$ cat final19.cif   # mmCIF, C-alpha atoms
data_structure
loop_
_atom_site.label_atom_id
_atom_site.label_comp_id
_atom_site.auth_asym_id
_atom_site.auth_seq_id
_atom_site.Cartn_x
_atom_site.Cartn_y
_atom_site.Cartn_z
CA MET A 1 -18.02 -6.81 37.52
CA ASN A 2 -17.53 -8.75 34.32
CA THR A 3 -17.93 -12.49 34.93
CA ARG A 4 -14.87 -13.09 32.76
CA TYR A 5 -12.78 -11.52 35.52
CA HIS A 6 -14.05 -14.01 38.10
CA SER A 7 -12.23 -16.77 36.29
CA ASP A 8 -9.18 -14.64 35.58
CA PRO A 9 -7.91 -13.03 38.81
CA PRO A 10 -4.62 -11.75 37.33
CA ARG A 11 -6.59 -9.89 34.67
CA LEU A 12 -8.86 -8.31 37.30
CA CYS A 13 -5.90 -7.16 39.41
CA ALA A 14 -4.01 -5.88 36.36
CA THR A 15 -7.09 -3.95 35.24
CA LEU A 16 -7.55 -2.36 38.66
CA ASN A 17 -3.87 -1.40 38.83
CA LEU A 18 -4.05 0.07 35.35
CA LEU A 19 -7.11 2.11 36.35
CA ALA A 20 -5.24 3.33 39.44
CA LEU A 21 -2.28 4.48 37.32
CA ALA A 22 -4.71 6.14 34.89
CA GLY A 23 -6.30 7.85 37.92
CA ILE A 24 -2.94 9.29 38.94
CA CYS A 25 -2.49 10.55 35.37
CA VAL A 26 -5.91 12.21 35.55
CA VAL A 27 -4.99 13.90 38.87
CA LEU A 28 -1.70 15.25 37.49
CA LEU A 29 -3.36 16.30 34.23
CA PHE A 30 -6.24 18.05 36.01
CA ALA A 31 -3.90 19.95 38.35
CA PHE A 32 -1.75 20.95 35.40
CA ALA A 33 -4.77 22.07 33.34
CA TRP A 34 -6.14 24.10 36.29
CA GLN A 35 -2.74 25.76 36.74
CA LEU A 36 -2.60 26.80 33.08
CA LEU A 37 -6.28 27.66 32.50
CA TYR A 38 -6.74 29.73 35.66
CA ASN A 39 -3.15 31.02 35.81
CA GLU A 40 -2.64 29.74 39.35
CA PRO A 41 1.03 28.79 39.83
CA PRO A 42 1.21 26.00 42.44
CA CYS A 43 2.58 26.76 45.90
CA PRO A 44 5.53 24.75 47.34
CA LEU A 45 3.23 22.44 49.33
CA CYS A 46 1.06 21.95 46.21
CA LEU A 47 4.18 20.95 44.27
CA LEU A 48 5.19 18.54 47.02
CA GLN A 49 1.74 16.92 46.80
CA ARG A 50 2.19 16.55 43.04
CA ALA A 51 5.63 15.02 43.66
CA ALA A 52 3.99 12.57 46.08
CA PHE A 53 1.44 11.63 43.38
CA ALA A 54 4.40 11.04 41.05
CA LEU A 55 6.00 8.79 43.70
CA VAL A 56 2.71 6.91 44.07
CA GLY A 57 2.54 6.55 40.30
CA ILE A 58 5.96 4.88 40.19
CA GLY A 59 4.68 2.07 42.43
CA LEU A 60 1.62 1.65 40.21
CA LEU A 61 3.78 1.81 37.08
CA LEU A 62 5.91 -1.04 38.46
CA ASN A 63 2.69 -3.02 39.00
CA ALA A 64 1.67 -2.38 35.39
CA ARG A 65 5.13 -3.17 33.99
CA PHE A 66 6.20 -6.16 36.11
CA GLY A 67 2.94 -7.40 37.61
CA PRO A 68 1.60 -6.71 41.11
CA ALA A 69 3.98 -7.33 44.03
CA PRO A 70 3.94 -6.42 47.74
CA LEU A 71 7.11 -4.35 47.17
CA HIS A 72 5.29 -2.16 44.64
CA TYR A 73 2.32 -1.70 46.97
CA GLY A 74 4.75 -0.93 49.79
CA ILE A 75 6.37 1.96 47.96
CA THR A 76 2.93 3.17 46.88
CA ILE A 77 1.77 3.23 50.51
CA LEU A 78 4.94 5.01 51.70
CA SER A 79 4.54 7.60 48.94
CA ALA A 80 0.87 8.14 49.79
CA LEU A 81 1.78 8.56 53.46
CA GLY A 82 4.27 11.28 52.50
CA GLY A 83 1.64 12.98 50.37
CA ALA A 84 -0.97 12.74 53.15
CA LEU A 85 1.52 14.35 55.54
CA VAL A 86 2.01 17.35 53.24
CA ALA A 87 -1.70 17.65 52.35
CA GLY A 88 -2.66 17.31 56.03
CA ARG A 89 -0.20 20.04 56.93
CA GLN A 90 -1.74 22.37 54.35
CA VAL A 91 -5.25 21.57 55.57
CA ALA A 92 -4.11 22.41 59.12
CA LEU A 93 -2.58 25.70 57.89
CA HIS A 94 -5.98 26.84 56.61
CA ILE A 95 -8.33 25.13 59.04
CA MET A 96 -9.02 28.14 61.27
CA PRO A 97 -12.44 29.85 60.87
CA GLY A 98 -12.28 32.86 58.56
CA ASP A 99 -9.31 31.51 56.60
CA ALA A 100 -10.24 31.52 52.91
CA GLY A 101 -7.70 28.81 52.12
CA TYR A 102 -5.15 28.75 49.32
CA GLY A 103 -6.19 28.79 45.68
CA SER A 104 -9.59 28.23 44.13
CA PRO A 105 -11.84 25.49 45.48
CA PHE A 106 -13.10 22.68 43.27
CA LEU A 107 -16.52 21.19 44.10
CA GLY A 108 -16.41 23.00 47.43
CA LEU A 109 -13.04 21.68 48.56
CA HIS A 110 -9.54 23.04 48.03
CA PHE A 111 -7.07 20.92 46.10
CA TYR A 112 -5.04 20.05 49.20
CA THR A 113 -8.19 18.66 50.84
CA TRP A 114 -8.92 16.58 47.75
CA ALA A 115 -5.29 15.45 47.79
CA LEU A 116 -5.57 14.32 51.42
CA ILE A 117 -8.72 12.33 50.57
CA LEU A 118 -7.01 10.75 47.56
CA PHE A 119 -3.86 9.80 49.45
CA VAL A 120 -5.93 8.08 52.14
CA ALA A 121 -7.96 6.36 49.39
CA ILE A 122 -4.71 5.16 47.76
CA ILE A 123 -3.55 3.62 51.04
CA ALA A 124 -6.93 1.89 51.42
CA TYR A 125 -6.74 0.72 47.80
CA CYS A 126 -3.33 -0.88 48.41
CA GLY A 127 -4.69 -2.65 51.49
CA VAL A 128 -7.64 -3.98 49.51
CA MET A 129 -5.45 -5.09 46.58
CA LEU A 130 -2.91 -6.84 48.82
CA THR A 131 -5.76 -8.70 50.48
CA LEU A 132 -7.55 -9.42 47.21
CA GLU A 133 -4.46 -10.78 45.47
CA ARG A 134 -3.64 -12.99 48.44
CA TRP A 135 -7.23 -14.20 48.66
CA LEU A 136 -7.49 -14.91 44.94
CA GLU A 137 -3.97 -16.36 44.97
CA SER A 138 -3.30 -14.21 41.97
CA PRO A 139 0.09 -14.96 40.41
CA ALA A 140 2.12 -12.06 39.08
CA ALA A 141 1.63 -11.31 35.41
CA THR A 142 4.61 -12.40 33.39
CA GLY A 143 3.77 -11.21 29.88
CA ALA A 144 4.60 -7.85 28.36
CA PRO A 145 2.17 -5.04 29.28
CA GLY A 146 -0.61 -4.43 26.76
CA LEU A 147 -1.26 -1.28 24.79
CA PRO A 148 -3.49 0.44 27.43
CA ALA A 149 -0.83 -0.16 30.09
CA ARG A 150 1.91 1.19 27.83
CA ILE A 151 -0.17 4.29 27.04
CA ALA A 152 -0.83 4.91 30.76
CA MET A 153 2.86 4.45 31.64
CA TRP A 154 4.07 6.80 28.89
CA LEU A 155 1.40 9.38 29.75
CA PHE A 156 2.51 9.24 33.37
CA LEU A 157 6.14 9.78 32.38
CA VAL A 158 5.22 12.73 30.13
CA LEU A 159 3.13 14.34 32.91
CA VAL A 160 5.93 14.03 35.48
CA ALA A 161 8.40 15.52 32.99
CA ALA A 162 5.92 18.33 32.20
CA ASN A 163 5.65 19.10 35.91
CA MET A 164 9.44 19.28 36.08
CA VAL A 165 9.52 21.83 33.23
CA SER A 166 6.65 23.81 34.76
CA THR A 167 8.38 23.91 38.16
CA LEU A 168 11.61 24.98 36.51
CA LEU A 169 9.79 27.85 34.77
CA GLU A 170 8.03 28.84 38.00
CA CYS A 171 10.89 28.62 40.49
CA GLY A 172 14.14 28.13 38.58
CA PHE A 173 16.58 25.76 40.27
CA GLY A 174 15.88 27.01 43.81
CA ALA A 175 13.02 27.04 46.28
CA CYS A 176 9.61 28.39 45.28
CA PRO A 177 8.05 31.43 47.01
CA ASP A 178 5.28 30.63 49.51
CA ASN A 179 2.63 32.48 47.49
CA PRO A 180 3.75 32.43 43.86
CA THR A 181 2.02 34.86 41.50
CA HIS A 182 4.13 34.52 38.36
CA TYR A 183 6.68 32.33 36.61
CA LEU A 184 10.24 33.32 37.48
CA TRP A 185 11.69 32.38 34.12
CA LEU A 186 8.81 33.88 32.09
CA SER A 187 8.78 37.35 33.64
CA MET B 1 12.06 22.33 43.69
CA MET B 2 12.17 20.69 40.27
CA LEU B 3 14.54 17.98 41.46
CA PRO B 4 11.91 15.52 42.81
CA PHE B 5 10.12 15.67 39.43
CA LEU B 6 13.40 15.10 37.60
CA THR B 7 14.31 12.06 39.70
CA ALA B 8 10.71 10.77 39.55
CA ALA B 9 10.79 11.04 35.75
CA VAL B 10 14.12 9.17 35.67
CA SER B 11 12.67 6.51 37.98
CA ALA B 12 9.56 6.12 35.79
CA TRP B 13 11.75 5.93 32.69
CA LEU B 14 13.88 3.17 34.25
CA GLY B 15 10.70 1.30 35.22
CA LEU B 16 9.37 1.60 31.68
CA ARG B 17 12.65 0.26 30.31
CA GLY B 18 12.36 -2.80 32.55
CA ARG B 19 15.14 -1.87 34.98
CA ARG B 20 13.24 -2.47 38.20
CA LYS B 21 16.15 -2.39 40.65
CA ALA B 22 17.48 0.93 39.29
CA CYS B 23 13.91 2.30 39.27
CA LEU B 24 13.50 1.43 42.95
CA TRP B 25 16.82 3.07 43.92
CA VAL B 26 15.92 6.27 42.07
CA TRP B 27 12.45 6.15 43.68
CA LEU B 28 14.23 6.05 47.06
CA LEU B 29 16.39 9.01 46.02
CA THR B 30 13.21 10.88 45.03
CA LEU B 31 11.68 10.13 48.44
CA ILE B 32 14.80 11.54 50.15
CA VAL B 33 14.67 14.71 48.02
CA PHE B 34 10.94 14.95 48.78
CA ALA B 35 11.66 14.68 52.53
CA ALA B 36 14.37 17.36 52.28
CA TRP B 37 11.94 19.79 50.63
CA CYS B 38 9.34 18.93 53.28
CA LYS B 39 11.86 19.98 55.92
CA VAL B 40 12.39 23.29 54.10
CA HIS B 41 8.70 24.10 53.67
CA MET B 42 7.04 22.47 56.69
CA THR B 43 8.93 23.72 59.71
CA ASP B 44 6.93 26.86 60.59
CA PRO B 45 4.80 26.39 63.72
CA LEU B 46 1.08 25.96 63.10
CA GLY B 47 -1.35 28.38 64.75
CA LEU B 48 -3.21 25.54 66.43
CA SER B 49 -3.40 24.04 69.87
CA PHE B 50 -4.86 20.67 70.74
#
$ encode --input "final19.cif" --output "structure tokens"
Amino acid sequence: MNTRYHSDPPRLCATLNLLALAGICVVLLFAFAWQLLYNEPPCPLCLLQRAAFALVGIGLLLNARFGPAPLHYGITILSALGGALVAGRQVALHIMPGDAGYGSPFLGLHFYTWALILFVAIIAYCGVMLTLERWLESPAATGAPGLPARIAMWLFLVLVAANMVSTLLECGFGACPDNPTHYLWLS
Amino acid sequence: MMLPFLTAAVSAWLGLRGRRKACLWVWLLTLIVFAAWCKVHMTDPLGLSF
């Protein structure tokens, strides 16, 4: 850790929150890239996990825009709990021996398993940050967000909007099929 | 199924524009839509026994 951060707790917390938001952007971007490169339209539960990552991102975006606050961590935790519920359900659906799982694995684990790990990690992160900020008595940042924060926030917004368009192309305005193989509006 | 992404994008937009209260209300709306879709897609019984 940079020693400069020791004497500047708000900067440390802001940096960690910015990295967390950037991490959510990476998750959404990676899932989107995998979907397009390998032509694997996401299943309904996969889409719900992406929606939960978007909900998590809103809490982190509020931290980046207005400074860290327990309210922002609270909605991040609630969102991650929702995502963990969906990811856990999908893990349970494919947990039986002989079940090949849904979709291609990445580094030996399916995406819903990675999602479950990430949602639990996000909850732990919020716990650590709430404790850290209290311990460091870090006041909320009051200035305007810097350029990296603005880039991360806009990238997040673009990725959520791109997921909306992709879901619209895949499923139209209704529910998605359980095992999608093509895009409804592109066939 | 696109609705939670639409409302999440609106919520993020409101947050970016500095309208925190509106952002939080739309986040709540997104969570409700998310829960409704969970009810649609997560009600089949699992083939497990504990």
$ resolve_selection --input "final19.cif" --expression "the PyMOL selection byres ((chain B and resi 31) around 10)" --output "VMD selection string"
(chain A and resid 51 to 52 55 75 78 to 79 82) or (chain B and resid 4 7 to 8 25 to 30 32 to 37)
$ resolve_selection --input "final19.cif" --expression "the PyMOL selection byres ((chain A) within 6 of (chain B))" --output "ChimeraX atom specification"
/A:58,157,160-161,164,167-168,175
$ atom_distance --input "final19.cif" --atom1 "CA of Arg65 in chain A" --atom2 "CA of Ala149 in chain A"
7.7 Å
$ residues_around --input "final19.cif" --residues "range 14-21 of chain A" --least-positions-apart "2" --cutoff "8 Å" --atoms "only C-alpha atoms" --output "list in words"
Pro10, Arg11, Leu12, Gly23, Ile24, Cys25, Gly57, Leu60, Leu61, Asn63, Ala64, Gly67, Pro68, Ala141, Pro148, Ala149, Ala152, Met153 and Phe156 of chain A
$ resolve_selection --input "final19.cif" --expression "the PyMOL selection byres ((chain A and resi 177) around 12)" --output "MDAnalysis selection string"
(chainID A and resid 41:47 167 170:172 174:176 178:184) or (chainID B and resid 1 40:41)
$ atom_distance --input "final19.cif" --atom1 "CA of Ser166 in chain A" --atom2 "CA of Gly103 in chain A"
17.6 Å
$ residues_around --input "final19.cif" --residues "Ala84 in chain A" --least-positions-apart "6" --cutoff "9 Å" --atoms "all atoms listed in the file" --output "PDB file with C-alpha atoms, in the coordinates of the input"
ATOM      1  CA  GLN A  49       1.740  16.920  46.800  1.00  0.00           C
ATOM      2  CA  ALA A  52       3.990  12.570  46.080  1.00  0.00           C
ATOM      3  CA  ALA A 115      -5.290  15.450  47.790  1.00  0.00           C
ATOM      4  CA  LEU A 116      -5.570  14.320  51.420  1.00  0.00           C
ATOM      5  CA  ILE A 117      -8.720  12.330  50.570  1.00  0.00           C
ATOM      6  CA  LEU A 118      -7.010  10.750  47.560  1.00  0.00           C
ATOM      7  CA  PHE A 119      -3.860   9.800  49.450  1.00  0.00           C
ATOM      8  CA  VAL A 120      -5.930   8.080  52.140  1.00  0.00           C
TER       9      VAL A 120
END
$ residues_near_point --input "final19.cif" --point "(-1.4, 14.6, 33.6)" --cutoff "8 Å" --atoms "only C-alpha atoms" --output "number ranges by chain"
A: 24-32, 155-156, 158-160
$ atom_distance --input "final19.cif" --atom1 "CA of Ala87 in chain A" --atom2 "CA of Ser187 in chain A"
29.1 Å
$ residues_around --input "final19.cif" --residues "Val128 in chain A" --least-positions-apart "5" --cutoff "12 Å" --atoms "all atoms listed in the file" --output "ChimeraX atom specification"
/A:13,16-17,70,73,77,121-123,133-136
